[in-house]
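One file, data_22.txt, carrying compact mmCIF, C-alpha atoms:
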# COMPACT_ATOMS: atom_id res chain seq x y z
CA MET A 1 31.57 -0.09 0.81
CA SER A 2 34.87 0.97 -0.65
CA GLY A 3 33.95 4.25 -2.31
CA THR A 4 32.70 2.81 -5.61
CA LEU A 5 29.29 3.89 -6.81
CA THR A 6 26.84 1.05 -7.45
CA HIS A 7 24.01 1.18 -9.99
CA ASP A 8 20.78 -0.74 -10.50
CA SER A 9 19.66 -2.49 -13.70
CA GLU A 10 18.66 0.84 -15.26
CA GLY A 11 21.82 2.76 -14.31
CA ASN A 12 20.30 4.57 -11.31
CA PRO A 13 22.62 4.98 -8.31
CA LEU A 14 21.97 2.60 -5.42
CA LEU A 15 22.38 4.11 -1.97
CA VAL A 16 21.63 2.91 1.55
CA GLY A 17 18.04 3.83 2.41
CA LYS A 18 16.78 3.82 -1.21
CA PRO A 19 13.64 1.81 -2.00
CA VAL A 20 14.26 -0.96 -4.54
CA LEU A 21 12.38 -3.64 -6.42
CA TYR A 22 13.56 -7.16 -7.26
CA PRO A 23 11.46 -7.68 -10.42
CA ALA A 24 11.88 -11.47 -10.53
CA THR A 25 9.63 -11.91 -7.46
CA GLY A 26 8.11 -8.46 -7.01
CA THR A 27 9.91 -8.06 -3.68
CA ARG A 28 10.22 -4.44 -2.58
CA GLY A 29 12.37 -3.17 0.25
CA TYR A 30 14.95 -0.67 1.36
CA VAL A 31 18.71 -0.95 0.89
CA LEU A 32 20.31 -1.65 4.27
CA GLU A 33 23.89 -2.21 3.19
CA ILE A 34 26.10 -2.29 0.11
CA MET A 35 29.22 -4.43 0.30
CA SER A 36 31.88 -5.76 -2.02
CA ASP A 37 33.84 -8.99 -1.81
CA GLU A 38 35.91 -11.16 -4.14
CA GLU A 39 32.71 -12.18 -5.98
CA GLY A 40 31.48 -8.65 -6.65
CA THR A 41 29.12 -6.11 -5.13
CA TRP A 42 26.09 -7.08 -3.07
CA VAL A 43 23.05 -5.12 -1.82
CA LEU A 44 21.25 -6.14 1.39
CA ILE A 45 17.47 -5.61 1.29
CA ASP A 46 15.51 -5.20 4.55
CA LYS A 47 12.36 -7.07 3.48
CA THR A 48 14.10 -10.41 2.88
CA ASN A 49 17.37 -9.84 4.74
CA LEU A 50 19.10 -11.26 1.65
CA PHE A 51 21.92 -9.91 -0.51
CA TYR A 52 21.24 -9.25 -4.21
CA LYS A 53 23.51 -8.37 -7.10
CA PRO A 54 22.86 -4.68 -7.90
CA GLU A 55 22.23 -5.39 -11.58
CA VAL A 56 19.08 -7.39 -10.73
CA LEU A 57 17.52 -4.59 -8.65
CA ARG A 58 15.62 -1.51 -9.76
CA VAL A 59 15.32 1.72 -7.77
CA VAL A 60 11.67 2.72 -7.22
CA LYS A 61 10.22 6.03 -6.08
CA GLU A 62 8.59 4.78 -2.91
CA ILE A 63 7.13 1.76 -1.16
CA GLU A 64 3.65 1.90 0.28
CA GLU A 65 3.55 0.94 3.95
CA LYS A 66 0.99 -1.78 3.25
CA GLU A 67 3.55 -3.50 1.01
CA ILE A 68 6.05 -3.93 3.84
CA GLY A 69 3.71 -4.29 6.80
CA GLU A 70 2.38 -7.46 8.33
CA LYS A 71 -1.13 -8.64 7.55
CA MET A 72 -3.34 -9.00 10.59
CA PHE A 73 -5.93 -11.79 10.78
CA THR A 74 -8.82 -12.23 13.18
CA ARG A 75 -9.26 -15.48 15.08
CA GLU A 76 -12.23 -16.27 12.87
CA GLU A 77 -10.17 -15.82 9.69
CA VAL A 78 -7.42 -18.08 11.02
CA GLY A 79 -9.98 -20.69 12.10
CA GLU A 80 -11.68 -20.62 8.69
CA ARG A 81 -8.35 -21.01 6.89
CA LEU A 82 -7.29 -23.93 9.09
CA GLU A 83 -10.67 -25.60 8.58
CA LYS A 84 -10.38 -25.27 4.78
CA GLU A 85 -6.89 -26.78 4.84
CA LYS A 86 -8.09 -29.62 7.07
CA GLU A 87 -10.94 -30.38 4.63
CA ALA A 88 -8.55 -30.34 1.66
CA ALA A 89 -6.05 -32.70 3.27
CA PRO A 90 -6.40 -36.43 2.56
CA THR A 91 -7.99 -38.27 5.47
CA GLU A 92 -6.28 -41.63 4.99
CA MET A 93 -3.26 -42.97 3.21
CA SER A 94 -3.59 -45.41 0.35
CA ASP A 95 -1.04 -47.67 -1.33
CA VAL A 96 -3.06 -48.16 -4.53
CA SER A 97 -0.60 -46.34 -6.74
CA VAL A 98 2.57 -47.61 -5.07
CA GLU A 99 4.86 -49.56 -7.37
CA SER A 100 7.94 -51.46 -6.42
CA GLY A 101 11.08 -51.69 -8.47
CA GLY A 102 13.08 -54.73 -9.24

Please render this file's structure as structure tokens.
Amino acid sequence: MSGTLTHDSEGNPLLVGKPVLYPATGTRGYVLEIMSDEEGTWVLIDKTNLFYKPEVLRVVKEIEEKEIGEKMFTREEVGERLEKEKEAAPTEMSDVSVESGG
């Protein structure tokens, strides 16, 4: 970044390595990069690997590891989930509600 200080939605300084929250989705992550271009300043967040405008972010004190870690499932849990989705899916197609235009 070109020496300008960037601030979050509450006026707190944004720095590389700081934990932040994107309140619109609840996404939490760490600032990887701060860059400026002709459209303004952008902040790259590690969790999503997306750039955000600094004014939509909020600096938070810390992020619990469970918030950024992967969830592990057993084979049984995966099998149960797939079985539930299979049961919920329609078994055959129907054209009862199909209408044609014209």

Could you please determine the separation between CA of Gly11 in chain A and CA of Asp37 in chain A in Å, to one decimal place?
-> 20.9 Å

For the atom pair CA of Lys47 in chain A and CA of Gly29 in chain A, what is the interatomic distance in Å to one decimal place?
->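 Going from CA of Lys47 in chain A over to CA of Gly29 in chain A covers 5.1 Å.
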
Quick one: pull the distance between CA of Arg58 in chain A and CA of Gly40 in chain A, Å, one decimal.
-> 17.7 Å

Closest of A:Ser36, A:Met72, A:Tyr22, A:Leu15 to Val56 in chain A - atom-to-atom distances counting only C-alpha atoms = A:Tyr22
